[in-house]
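Chemist: Below is target_6.pdb; it holds PDB, C-alpha atoms.
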ATOM      1  CA  MET A   1       0.000   0.000   0.000
ATOM      2  CA  ILE A   2       1.274   3.421  -0.938
ATOM      3  CA  GLN A   3       0.419   5.005   2.410
ATOM      4  CA  GLN A   4       2.341   2.341   4.354
ATOM      5  CA  GLN A   5       5.362   2.811   2.079
ATOM      6  CA  TYR A   6       5.089   6.540   2.665
ATOM      7  CA  ILE A   7       4.933   6.082   6.451
ATOM      8  CA  ASP A   8       7.940   3.734   6.352
ATOM      9  CA  SER A   9       9.981   6.145   4.228
ATOM     10  CA  GLY A  10      10.937   8.223   7.290
ATOM     11  CA  ILE A  11       9.478  11.489   5.973
ATOM     12  CA  LEU A  12       7.128  11.731   8.955
ATOM     13  CA  GLU A  13      10.035  11.500  11.378
ATOM     14  CA  ALA A  14      11.904  14.124   9.353
ATOM     15  CA  TYR A  15       8.846  16.389   9.510
ATOM     16  CA  VAL A  16       8.372  16.208  13.292
ATOM     17  CA  THR A  17      12.080  16.875  13.817
ATOM     18  CA  GLY A  18      12.013  19.825  11.409
ATOM     19  CA  THR A  19      14.392  18.363   8.801
ATOM     20  CA  ALA A  20      11.904  17.817   5.985
ATOM     21  CA  THR A  21      12.228  20.006   2.900
ATOM     22  CA  ASP A  22       9.439  22.390   1.825
ATOM     23  CA  ALA A  23       8.414  20.025  -0.961
ATOM     24  CA  GLU A  24       8.263  17.116   1.480
ATOM     25  CA  VAL A  25       6.168  19.168   3.893
ATOM     26  CA  ARG A  26       3.697  20.031   1.126
ATOM     27  CA  GLU A  27       3.549  16.383   0.090
ATOM     28  CA  LEU A  28       3.011  15.333   3.699
ATOM     29  CA  MET A  29       0.165  17.814   4.160
ATOM     30  CA  TYR A  30      -1.489  16.356   1.065
ATOM     31  CA  MET A  31      -0.979  12.762   2.215
ATOM     32  CA  LYS A  32      -2.208  13.647   5.695
ATOM     33  CA  ALA A  33      -5.432  15.088   4.301
ATOM     34  CA  GLN A  34      -5.833  12.200   1.844
ATOM     35  CA  TYR A  35      -5.022   9.179   4.013
ATOM     36  CA  PRO A  36      -6.204   8.754   7.629
ATOM     37  CA  GLU A  37      -3.383   6.225   8.215
ATOM     38  CA  VAL A  38      -0.769   8.905   7.507
ATOM     39  CA  ASN A  39      -2.596  11.361   9.758
ATOM     40  CA  PHE A  40      -2.717   8.762  12.554
ATOM     41  CA  ALA A  41       0.991   7.910  12.157
ATOM     42  CA  LEU A  42       1.871  11.604  12.314
ATOM     43  CA  GLN A  43      -0.236  12.059  15.453
ATOM     44  CA  GLN A  44       1.539   9.112  17.062
ATOM     45  CA  LEU A  45       4.934  10.648  16.264
ATOM     46  CA  GLU A  46       3.818  13.950  17.772
ATOM     47  CA  LEU A  47       2.730  12.030  20.865
ATOM     48  CA  ASP A  48       6.188  10.444  20.961
ATOM     49  CA  MET A  49       7.736  13.904  20.935
ATOM     50  CA  GLU A  50       5.406  15.007  23.724
ATOM     51  CA  HIS A  51       6.231  11.855  25.677
ATOM     52  CA  ILE A  52       9.958  12.628  25.548
ATOM     53  CA  ALA A  53       9.302  16.231  26.522
ATOM     54  CA  GLN A  54       7.060  15.219  29.428
ATOM     55  CA  HIS A  55       9.746  12.932  30.760
ATOM     56  CA  MET A  56      12.443  15.598  30.482
ATOM     57  CA  ALA A  57      10.210  18.483  31.647
ATOM     58  CA  ILE A  58      11.609  20.814  34.293
ATOM     59  CA  ALA A  59       9.736  23.427  36.298
ATOM     60  CA  PRO A  60      10.506  26.976  35.182
ATOM     61  CA  PRO A  61      12.127  29.239  37.786
ATOM     62  CA  ALA A  62       9.875  31.652  39.658
ATOM     63  CA  GLY A  63       9.422  34.848  37.718
ATOM     64  CA  THR A  64       9.784  33.336  34.259
ATOM     65  CA  TRP A  65       6.076  33.610  33.595
ATOM     66  CA  ASN A  66       6.055  37.287  34.600
ATOM     67  CA  LYS A  67       8.722  37.938  31.978
ATOM     68  CA  ILE A  68       6.485  36.680  29.196
ATOM     69  CA  SER A  69       2.935  37.207  30.486
ATOM     70  CA  ASP A  70       2.842  40.914  29.640
ATOM     71  CA  THR A  71       3.592  40.265  25.971
ATOM     72  CA  ILE A  72       1.145  37.353  25.742
ATOM     73  CA  ASP A  73      -1.643  39.395  27.388
ATOM     74  CA  GLU A  74      -1.012  42.213  24.965
ATOM     75  CA  LEU A  75      -1.226  39.835  21.990
ATOM     76  CA  ILE A  76      -4.481  38.280  23.191
ATOM     77  CA  LEU A  77      -6.123  41.647  23.897
ATOM     78  CA  ARG A  78      -5.006  43.152  20.587
ATOM     79  CA  PRO A  79      -7.881  43.031  18.055
ATOM     80  CA  GLU A  80      -7.374  41.263  14.779
ATOM     81  CA  PHE A  81      -5.919  43.742  12.339
ATOM     82  CA  ASN A  82      -7.440  43.941   8.917
ATOM     83  CA  PRO A  83      -5.136  46.028   6.735
ATOM     84  CA  GLY A  84      -7.529  45.722   3.792
ATOM     85  CA  GLN A  85      -9.877  48.364   5.161
ATOM     86  CA  PHE A  86      -7.138  51.027   5.119
ATOM     87  CA  GLN A  87      -5.876  50.301   1.619
ATOM     88  CA  PRO A  88      -6.760  52.971  -0.942
ATOM     89  CA  ASN A  89      -8.817  52.086  -4.000
ATOM     90  CA  THR A  90      -6.561  50.843  -6.746
ATOM     91  CA  GLY A  91      -8.852  52.224  -9.444
ATOM     92  CA  ASP A  92      -9.822  55.894  -9.783
ATOM     93  CA  LYS A  93     -13.520  55.190 -10.387
ATOM     94  CA  GLY A  94     -14.501  56.815  -7.119
ATOM     95  CA  PHE A  95     -12.746  60.066  -8.045
ATOM     96  CA  LYS A  96     -14.167  60.122 -11.555
ATOM     97  CA  ASP A  97     -17.734  59.612 -10.446
ATOM     98  CA  HIS A  98     -17.304  61.743  -7.313
ATOM     99  CA  GLN A  99     -18.476  58.802  -5.278
ATOM    100  CA  THR A 100     -17.115  57.340  -2.089
ATOM    101  CA  ASP A 101     -17.570  53.858  -0.676
ATOM    102  CA  ASN A 102     -19.521  53.202   2.492
ATOM    103  CA  GLY A 103     -16.551  51.780   4.439
ATOM    104  CA  PRO A 104     -14.962  53.424   7.460
ATOM    105  CA  HIS A 105     -13.374  56.813   6.722
ATOM    106  CA  PHE A 106     -11.772  57.466  10.071
ATOM    107  CA  ILE A 107      -9.851  55.575  12.711
ATOM    108  CA  GLU A 108     -11.659  55.263  15.995
ATOM    109  CA  VAL A 109      -9.345  56.644  18.645
ATOM    110  CA  GLU A 110     -11.563  56.387  21.719
ATOM    111  CA  ALA A 111     -11.338  52.980  23.364
ATOM    112  CA  GLU A 112     -14.549  50.994  23.743
ATOM    113  CA  SER A 113     -13.560  49.423  27.034
ATOM    114  CA  ASN A 114     -14.182  51.228  30.324
ATOM    115  CA  HIS A 115     -11.133  49.586  31.869
ATOM    116  CA  MET A 116      -7.616  50.934  31.834
ATOM    117  CA  LYS A 117      -4.506  48.720  31.621
ATOM    118  CA  ILE A 118      -1.410  49.963  33.395
ATOM    119  CA  HIS A 119       2.020  48.537  34.080
ATOM    120  CA  LYS A 120       2.435  46.344  37.176
ATOM    121  CA  ASN A 121       5.142  48.653  38.565
ATOM    122  CA  TRP A 122       2.470  51.245  39.301
ATOM    123  CA  LYS A 123       1.232  49.131  42.234
ATOM    124  CA  TRP A 124       4.381  50.135  44.172
ATOM    125  CA  VAL A 125       3.728  53.808  43.386
ATOM    126  CA  PHE A 126       0.142  53.466  44.613
ATOM    127  CA  ALA A 127       1.324  51.681  47.756
ATOM    128  CA  ALA A 128       3.867  54.447  48.446
ATOM    129  CA  VAL A 129       1.239  57.154  47.940
ATOM    130  CA  PHE A 130      -1.127  55.317  50.289
ATOM    131  CA  ILE A 131       1.536  54.957  53.020
ATOM    132  CA  LEU A 132       2.627  58.611  52.664
ATOM    133  CA  GLY A 133      -1.026  59.654  52.901
ATOM    134  CA  LYS A 134      -1.372  57.733  56.164
ATOM    135  CA  ILE A 135       1.827  59.330  57.532
ATOM    136  CA  PHE A 136       0.620  62.841  56.670
ATOM    137  CA  LEU A 137      -2.787  62.129  58.227
ATOM    138  CA  GLY A 138      -1.094  60.893  61.423
ATOM    139  CA  CYS A 139       1.122  63.986  61.526
ATOM    140  CA  ALA A 140      -1.859  66.281  60.999
ATOM    141  CA  ILE A 141      -3.801  64.671  63.875
ATOM    142  CA  TYR A 142      -0.724  64.769  66.140
ATOM    143  CA  PHE A 143      -0.004  68.432  65.515
ATOM    144  CA  TYR A 144      -3.699  69.331  65.843
ATOM    145  CA  LEU A 145      -3.842  67.715  69.280
ATOM    146  CA  GLU A 146      -0.533  69.333  70.265
ATOM    147  CA  ASN A 147      -1.838  72.712  69.180
ATOM    148  CA  ARG A 148      -5.096  72.263  71.076
ATOM    149  CA  GLN A 149      -3.216  71.276  74.216
ATOM    150  CA  ALA A 150      -0.912  74.312  73.909
ATOM    151  CA  GLN A 151      -3.900  76.621  73.501
ATOM    152  CA  GLN A 152      -5.510  75.154  76.612
ATOM    153  CA  GLN A 153      -2.277  75.743  78.533
ATOM    154  CA  VAL A 154      -2.128  79.346  77.300
ATOM    155  CA  GLN A 155      -5.716  79.825  78.358
ATOM    156  CA  GLU A 156      -4.981  78.412  81.822
ATOM    157  CA  LEU A 157      -1.929  80.677  82.162
ATOM    158  CA  LYS A 158      -4.006  83.694  81.207
ATOM    159  CA  THR A 159      -6.602  82.769  83.835
ATOM    160  CA  GLU A 160      -3.875  82.377  86.464
ATOM    161  CA  LEU A 161      -2.400  85.757  85.536
ATOM    162  CA  LYS A 162      -5.801  87.418  85.874
ATOM    163  CA  GLN A 163      -6.289  85.857  89.258
ATOM    164  CA  LEU A 164      -2.828  87.003  90.370
ATOM    165  CA  LYS A 165      -3.545  90.585  89.226
ATOM    166  CA  LYS A 166      -6.637  90.612  91.331
TER     167      LYS A 166
ATOM    168  CA  MET B 167       8.017  20.753  28.694
ATOM    169  CA  LEU B 168       9.539  23.273  26.285
ATOM    170  CA  LEU B 169      11.963  24.437  28.963
ATOM    171  CA  GLY B 170      13.056  20.818  29.441
ATOM    172  CA  TYR B 171      13.740  20.514  25.719
ATOM    173  CA  LEU B 172      15.658  23.803  25.681
ATOM    174  CA  PHE B 173      17.679  22.695  28.686
ATOM    175  CA  GLU B 174      18.520  19.424  26.956
ATOM    176  CA  ALA B 175      19.743  21.378  23.939
ATOM    177  CA  THR B 176      21.613  24.193  25.697
ATOM    178  CA  LYS B 177      22.784  22.334  28.843
ATOM    179  CA  SER B 178      22.267  25.549  30.803
ATOM    180  CA  LYS B 179      19.191  26.558  32.778
ATOM    181  CA  PRO B 180      19.674  30.363  32.504
ATOM    182  CA  ILE B 181      20.235  30.133  28.730
ATOM    183  CA  ALA B 182      17.269  27.775  28.348
ATOM    184  CA  GLU B 183      15.077  30.177  30.314
ATOM    185  CA  GLN B 184      16.228  33.084  28.156
ATOM    186  CA  TYR B 185      15.374  31.117  25.016
ATOM    187  CA  LEU B 186      11.954  30.286  26.472
ATOM    188  CA  VAL B 187      11.217  33.949  27.168
ATOM    189  CA  ASP B 188      12.478  34.977  23.709
ATOM    190  CA  ILE B 189      10.334  32.342  21.996
ATOM    191  CA  PHE B 190       7.123  33.386  23.747
ATOM    192  CA  ASN B 191       7.873  37.087  23.377
ATOM    193  CA  GLY B 192       8.558  36.589  19.683
ATOM    194  CA  LEU B 193       5.178  34.972  19.026
ATOM    195  CA  GLN B 194       2.813  36.943  16.822
ATOM    196  CA  PHE B 195      -0.968  36.838  17.104
ATOM    197  CA  THR B 196      -1.119  34.902  13.832
ATOM    198  CA  ASP B 197       1.372  32.340  15.212
ATOM    199  CA  ILE B 198      -0.842  31.726  18.246
ATOM    200  CA  GLN B 199      -3.898  31.380  16.010
ATOM    201  CA  ALA B 200      -2.088  28.935  13.717
ATOM    202  CA  MET B 201      -0.757  26.692  16.470
ATOM    203  CA  THR B 202      -4.017  26.499  18.409
ATOM    204  CA  LYS B 203      -6.098  25.330  15.466
ATOM    205  CA  PRO B 204      -7.897  21.998  15.904
ATOM    206  CA  GLY B 205      -5.774  19.037  14.844
ATOM    207  CA  ILE B 206      -2.514  20.938  15.327
ATOM    208  CA  ASN B 207      -0.137  19.794  18.054
ATOM    209  CA  THR B 208       0.707  23.059  19.817
ATOM    210  CA  PHE B 209       3.723  21.679  21.624
ATOM    211  CA  CYS B 210       5.292  20.374  18.409
ATOM    212  CA  GLN B 211       4.750  23.764  16.768
ATOM    213  CA  LEU B 212       6.440  25.514  19.687
ATOM    214  CA  GLN B 213       9.236  22.960  19.565
ATOM    215  CA  ALA B 214       9.734  23.637  15.855
ATOM    216  CA  ILE B 215      10.118  27.356  16.593
ATOM    217  CA  ALA B 216      12.554  26.538  19.398
ATOM    218  CA  ARG B 217      14.538  24.250  17.094
ATOM    219  CA  LYS B 218      14.913  27.041  14.540
ATOM    220  CA  LYS B 219      16.123  29.394  17.254
ATOM    221  CA  LEU B 220      18.565  26.793  18.532
ATOM    222  CA  ALA B 221      19.995  26.092  15.079
ATOM    223  CA  SER B 222      22.602  28.822  15.636
ATOM    224  CA  LEU B 223      23.646  27.151  18.868
ATOM    225  CA  SER B 224      24.647  23.918  17.216
ATOM    226  CA  ASP B 225      26.971  22.057  19.515
ATOM    227  CA  ALA B 226      29.230  19.279  18.372
ATOM    228  CA  VAL B 227      27.259  16.125  17.688
ATOM    229  CA  ASP B 228      29.842  14.200  19.669
ATOM    230  CA  GLU B 229      28.232  15.501  22.873
ATOM    231  CA  CYS B 230      25.505  12.948  22.330
ATOM    232  CA  ALA B 231      27.818  10.202  21.249
ATOM    233  CA  GLY B 232      27.902   8.379  24.539
ATOM    234  CA  PRO B 233      26.130   8.165  27.860
ATOM    235  CA  ALA B 234      29.300   9.304  29.629
ATOM    236  CA  ALA B 235      29.355  12.636  27.814
ATOM    237  CA  GLU B 236      25.671  13.103  28.412
ATOM    238  CA  SER B 237      25.793  12.235  32.062
ATOM    239  CA  LYS B 238      28.414  14.926  32.576
ATOM    240  CA  ALA B 239      26.144  17.622  31.209
ATOM    241  CA  LEU B 240      22.863  16.158  32.349
ATOM    242  CA  ALA B 241      23.852  15.052  35.803
ATOM    243  CA  GLU B 242      20.529  16.210  37.211
ATOM    244  CA  GLN B 243      18.409  14.298  34.720
ATOM    245  CA  SER B 244      19.102  11.158  32.761
ATOM    246  CA  ASN B 245      17.548  10.787  29.338
ATOM    247  CA  LYS B 246      16.122   7.290  29.422
ATOM    248  CA  PHE B 247      15.139   7.445  25.778
ATOM    249  CA  THR B 248      18.559   8.179  24.331
ATOM    250  CA  ASP B 249      20.174   5.798  26.803
ATOM    251  CA  LEU B 250      18.132   2.990  25.225
ATOM    252  CA  MET B 251      19.350   3.822  21.721
ATOM    253  CA  GLU B 252      22.373   2.445  19.929
ATOM    254  CA  PRO B 253      25.290   4.942  19.727
ATOM    255  CA  GLU B 254      24.596   5.651  16.066
ATOM    256  CA  GLN B 255      20.871   6.149  16.666
ATOM    257  CA  ARG B 256      21.674   8.442  19.587
ATOM    258  CA  ARG B 257      24.042  10.566  17.506
ATOM    259  CA  VAL B 258      21.482  10.986  14.757
ATOM    260  CA  PHE B 259      18.539  11.594  17.065
ATOM    261  CA  CYS B 260      20.375  14.088  19.304
ATOM    262  CA  GLY B 261      22.020  15.797  16.346
ATOM    263  CA  ILE B 262      18.656  16.419  14.685
ATOM    264  CA  HIS B 263      16.374  16.810  17.688
ATOM    265  CA  TYR B 264      18.548  18.720  20.144
ATOM    266  CA  HIS B 265      21.148  20.379  17.933
ATOM    267  CA  GLY B 266      18.966  21.220  14.923
ATOM    268  CA  LYS B 267      21.286  19.599  12.395
ATOM    269  CA  SER B 268      20.008  18.708   8.941
ATOM    270  CA  THR B 269      20.090  15.185   7.587
ATOM    271  CA  GLY B 270      22.590  16.397   4.986
ATOM    272  CA  THR B 271      24.982  17.703   7.638
ATOM    273  CA  LEU B 272      24.729  14.499   9.636
ATOM    274  CA  ALA B 273      25.162  12.394   6.516
ATOM    275  CA  ALA B 274      28.412  14.240   5.787
ATOM    276  CA  GLU B 275      29.605  13.955   9.373
ATOM    277  CA  LEU B 276      28.845  10.253   9.651
ATOM    278  CA  ASN B 277      29.824   9.446   6.077
ATOM    279  CA  LYS B 278      26.412   8.017   5.229
ATOM    280  CA  THR B 279      23.642   8.784   2.776
ATOM    281  CA  GLU B 280      20.660  10.949   3.753
ATOM    282  CA  GLU B 281      18.384   7.929   3.287
ATOM    283  CA  ALA B 282      20.494   6.014   5.788
ATOM    284  CA  ILE B 283      20.269   8.925   8.260
ATOM    285  CA  ARG B 284      16.481   8.936   7.907
ATOM    286  CA  ARG B 285      16.368   5.196   8.417
ATOM    287  CA  ILE B 286      18.437   5.530  11.596
ATOM    288  CA  LEU B 287      16.180   8.376  12.755
ATOM    289  CA  LYS B 288      13.144   6.169  12.179
ATOM    290  CA  GLU B 289      14.792   3.386  14.193
ATOM    291  CA  SER B 290      15.438   5.780  17.067
ATOM    292  CA  PHE B 291      11.754   6.730  17.020
ATOM    293  CA  ASN B 292      10.889   3.047  17.152
ATOM    294  CA  VAL B 293      12.943   2.790  20.356
ATOM    295  CA  ILE B 294      11.000   5.722  21.827
ATOM    296  CA  ARG B 295       7.684   4.196  20.714
ATOM    297  CA  ASN B 296       8.542   0.844  22.301
ATOM    298  CA  GLN B 297       9.488   2.564  25.541
ATOM    299  CA  ARG B 298       6.243   4.572  25.473
ATOM    300  CA  ASN B 299       4.208   1.428  24.894
ATOM    301  CA  ASP B 300       6.057  -0.359  27.726
ATOM    302  CA  THR B 301       5.325   2.533  30.080
ATOM    303  CA  ALA B 302       1.659   2.527  29.056
ATOM    304  CA  ALA B 303       1.469  -1.245  29.655
ATOM    305  CA  VAL B 304       2.922  -0.830  33.147
ATOM    306  CA  TYR B 305       0.398   1.832  34.091
ATOM    307  CA  ARG B 306      -2.490  -0.056  32.485
TER     308      ARG B 306
END
Could you write out this file's structure as structure tokens?

Modeler:
Amino acid sequence: MIQQQYIDSGILEAYVTGTATDAEVRELMYMKAQYPEVNFALQQLELDMEHIAQHMAIAPPAGTWNKISDTIDELILRPEFNPGQFQPNTGDKGFKDHQTDNGPHFIEVEAESNHMKIHKNWKWVFAAVFILGKIFLGCAIYFYLENRQAQQQVQELKTELKQLKK
Amino acid sequence: MLLGYLFEATKSKPIAEQYLVDIFNGLQFTDIQAMTKPGINTFCQLQAIARKKLASLSDAVDECAGPAAESKALAEQSNKFTDLMEPEQRRVFCGIHYHGKSTGTLAAELNKTEEAIRRILKESFNVIRNQRNDTAAVYR
């Protein structure tokens, strides 16, 4: 059978290890779509690769994910870009007939989401502002009480002076 | 899993981690879409990208020639799959899988034809498959 000969030829192994030529890859994609046996054999080889990787897997050091999560999040949140809508008309029909198409004529600048995304480093700034706010509040209360106490003492001294004058 | 593969190829955890970060940071939205399609093995796609990146870091194939050389670099982990292979199978498998060498390069290095290299590569996969089946039978 042609598909068994193809599987035995070693092209599948070359493909999963990245050593197949472009022509071989195209041929493999065709054979994979055409013959379920080839597709199954390829899946088994991919499982073999996963099996090796699972056995040799090591836990990433702490902090590795933080190094890449920002970029991944940005990619996922970024909307699919369709450059076609910004391409000018190749023909000049629209100019000749003084007509315009009904597509978008401006780029929407205002974001649709009500949420704002900021860098993680800002959490330390917010924490510092919060702590400084608490310190200033404590100072204000302390000096207010000190001031009130001093005024009371002044008042008492004044009263004593008046009594002495009498 | 990808970090394990990168560590096997680079023999250095900091370098492997740096490669891992570079690979994920270099992914485009279209790449993510392509590798998460149904029927596509995401890990193998990521591994293919990693292999391309590692191609510039091609170590001498002799590093995989014997268990002694491997055990020196991989003291923390032993590779039970390559240990089961014949020396020739191990050289071909490690040269292609971990060092990103082409069949042509290996054929020249080992003084064999590309067909022979592919046959040896297929044999090394048979060793892995047998080991996988044995493991599955034990757990069954």

Chemist: Evaluate the PyMOL selection byres ((chain B and resi 272-283) around 9) here and jot the selected residues down as a ChimeraX atom specification.

Modeler: /A:9-10 /B:227,254-255,257-258,261-262,267-271,284-288

Chemist: Applied to this file, what does the ChimeraX specification (/A :<9) & /B return in terms of residues, put as a ChimeraX atom specification?

Modeler: /B:167-171,173-174,183-184,186-188,190-196,198,205,207,209-210,213-214,217-218,243-247,259,262-263,266-269,281,284-285,287-288,291,294-295,298

Chemist: Apply the PyMOL selection byres ((chain B and resi 220) around 10) to the displayed file and report the matching residues as a count of residues only.

Modeler: 20

Chemist: Report, in Å to a single decimal, how far apart atom CA of A:Met29 and atom CA of B:Val293 are.

Modeler: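 For atom CA of B:Val293 relative to atom CA of A:Met29, the distance reads 25.5 Å.
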
Chemist: To one decimal place, how far is atom CA of A:Ile141 from atom CA of A:Ala127 in Å?

Modeler: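 These atoms are spaced 21.3 Å apart.
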
Chemist: What gap, in Å, lies between atom CA of A:Glu156 and atom CA of A:Tyr144?

Modeler: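 It comes out at 18.4 Å.
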